[in-house]
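Undergrad: Below you'll find the structure I mean.
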Amino acid sequence: MTDVSDGVLRTLFRSEQGGHEQVVLVQDRSSGLKAVIALHSTALGPALGGTRFYPYADEAEAVADALNLARGMSYKNALAGLGHGGGKAVIIGDPERDKTEELLLAYGRAVASLGGRYVTACDVGTYVADMDVVARENRWTTGRSPENGGAGDSSVLTAFGVYQGMRASAQHQWGDPSLRGRKVGVAGIGKVGRHLVGHLLAEGAEVVVTDVREEAVRLITERHPEVTAAPDTGALLRTAGLDVYAPCALGGALNDETVPALTAKVVCGAANNQLAHPGIEKDLADRGVLYAPDYVINAGGVIQVADELHGFDFDRCKQKAAKIFDTTLEIFARAKSDGVPPAAAADRLAEQRMADGLRG
Ligand SMILES: NC(=O)c1ccc[n+]([C@@H]2O[C@H](COP(=O)([O-])OP(=O)(O)OC[C@H]3O[C@@H](n4cnc5c(N)ncnc54)[C@H](O)[C@@H]3O)[C@@H](O)[C@H]2O)c1
């Protein structure tokens, strides 16, 4: 017998991403909810990760995405020093068309049914206002609005963490964490990018930006006239004397086109999934470019949503996000001693922490 479910089951049990603890397929007929909740690991504590609302082509694609994202969260949470494992949920559908209060409440009950093994938050296609609704059905929803006991926008701490990772990168590459006088190119000056620009200017760095939205460029150059703008990412990468490239827009920023064009000796930015394919990290290393693994340095947001569960405290979170400096340095040191790229060293460190968690 072969049908759609056969494809889903194959993805689940026979995929190379195997090793997940639990995967729950959720259906609520009256609201139309169809979701996948994947728990990769609870070795370090309840699995934490956001809810993606996306129009997947079919169920197998949704399962594969949930498995992949949940696994990534285990690694990210382990390196952020959180008492959380990794999980992720995906809701199958077009958020513009299919998202209703009834559906979000049904999803909230599905999260409740896991009794705290899974803690949810926002991701692509879900927002703070949605988490306020989901939270009405359970105690394990974060990323809520301040009016509902949440911490709100996470980009402030994400940018602070990226800034710490960049200082650690400077320390490793040039023997001094200061970014004073360094030329930094920021591609994507949205929520995270513009806060990052603020930190860089405060430290005396020279900043070049680019964004596909002219409005975003206008806002930042009006506010900070010392910032210069490049017409696009290609031009930004070719900027004379660029020391650091900070991708803060979409995934896949480091690819077969951008890496050969790089003149900067450090890449450190907020964007998720920067490496377009396996092997790119080796290309970077071959060119003498130091790559700060994205999931390590953009962990400020997840540190914030984890903190929210215990009553959000900005200063406590900022202290935790400041540790991204030490973790990044440790990863670079291990990469050097093990003779592997930093992305591989980061994965090894996360795996060690999870194994220690299981033993402990
Ligand atoms: N917000 C957070 O707390 C957080 C946490 C972890 C990771 N991230 C990641 O960081 C990145 C930025 O997040 P954000 O919240 O600032 O998003 P955002 O949507 O507010 O900003 C992204 C910016 O990038 C610009 N952009 C898109 N394509 C571009 C291109 N080709 N060239 C130049 N600019 C382009 C957009 O116009 C926008 O201004 C994303 O990859 C996100 O997944 C964000």
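Residues in the structure tokens are numbered from 1 in each chain, the chains being A, B, ... in the order shown, and ligands are numbered from 1 in the order shown.
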Please list as a PyMOL selection string every residue within 9 Å of Ile324 (chain A), counting only C-alpha atoms and excluding residues in the same chain fewer than 2 positions away.
TA: chain A and resi 79-80+161-162+164-165+168+296-300+320-322+326-329
Undergrad: List all protein, DNA and RNA residues that have any atom at most 8 Å from ligand 1, counting only C-alpha atoms and all ligand atoms, and write the list as a PyMOL selection string.
TA: chain A and resi 153-159+187-194+210-213+216+232-233+247-251+269-273+295+298-302
Undergrad: Skipping near chain neighbours, those fewer than 4 positions away, what residues fall within 7 Å of Leu275 (chain A) using only C-alpha atoms, listed as a PyMOL selection string?
TA: chain A and resi 252-255+280
Undergrad: Quick one: residues within 8 Å of region 36-48 of chain A, only C-alpha atoms, excluding same-chain residues fewer than 5 positions away - as a VMD selection string?
TA: chain A and resid 19 to 26 62 to 63 66 to 67 70 to 71 73 to 74 77 to 78 82 to 91 116 to 121 306 354 to 355 357 to 358
Undergrad: Please, which residues of region 141-347 of chain A, numbered as in this document, come out alpha helix (DSSP H) from DSSP, as a count of residues only?
TA: 101
Undergrad: Under the rule that only C-alpha atoms are counted, which of A:Tyr56, A:Tyr107, A:Tyr127, A:Tyr163 is the nearest residue to Leu33 (chain A)?
TA: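 Result for the nearest residue to Leu33 (chain A): A:Tyr107.
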Undergrad: Which residue is closest to Leu201 (chain A)? Choose from A:Gln173, A:Asn68, A:Ser31, A:Ser178 and count only C-alpha atoms.
TA: A:Ser178
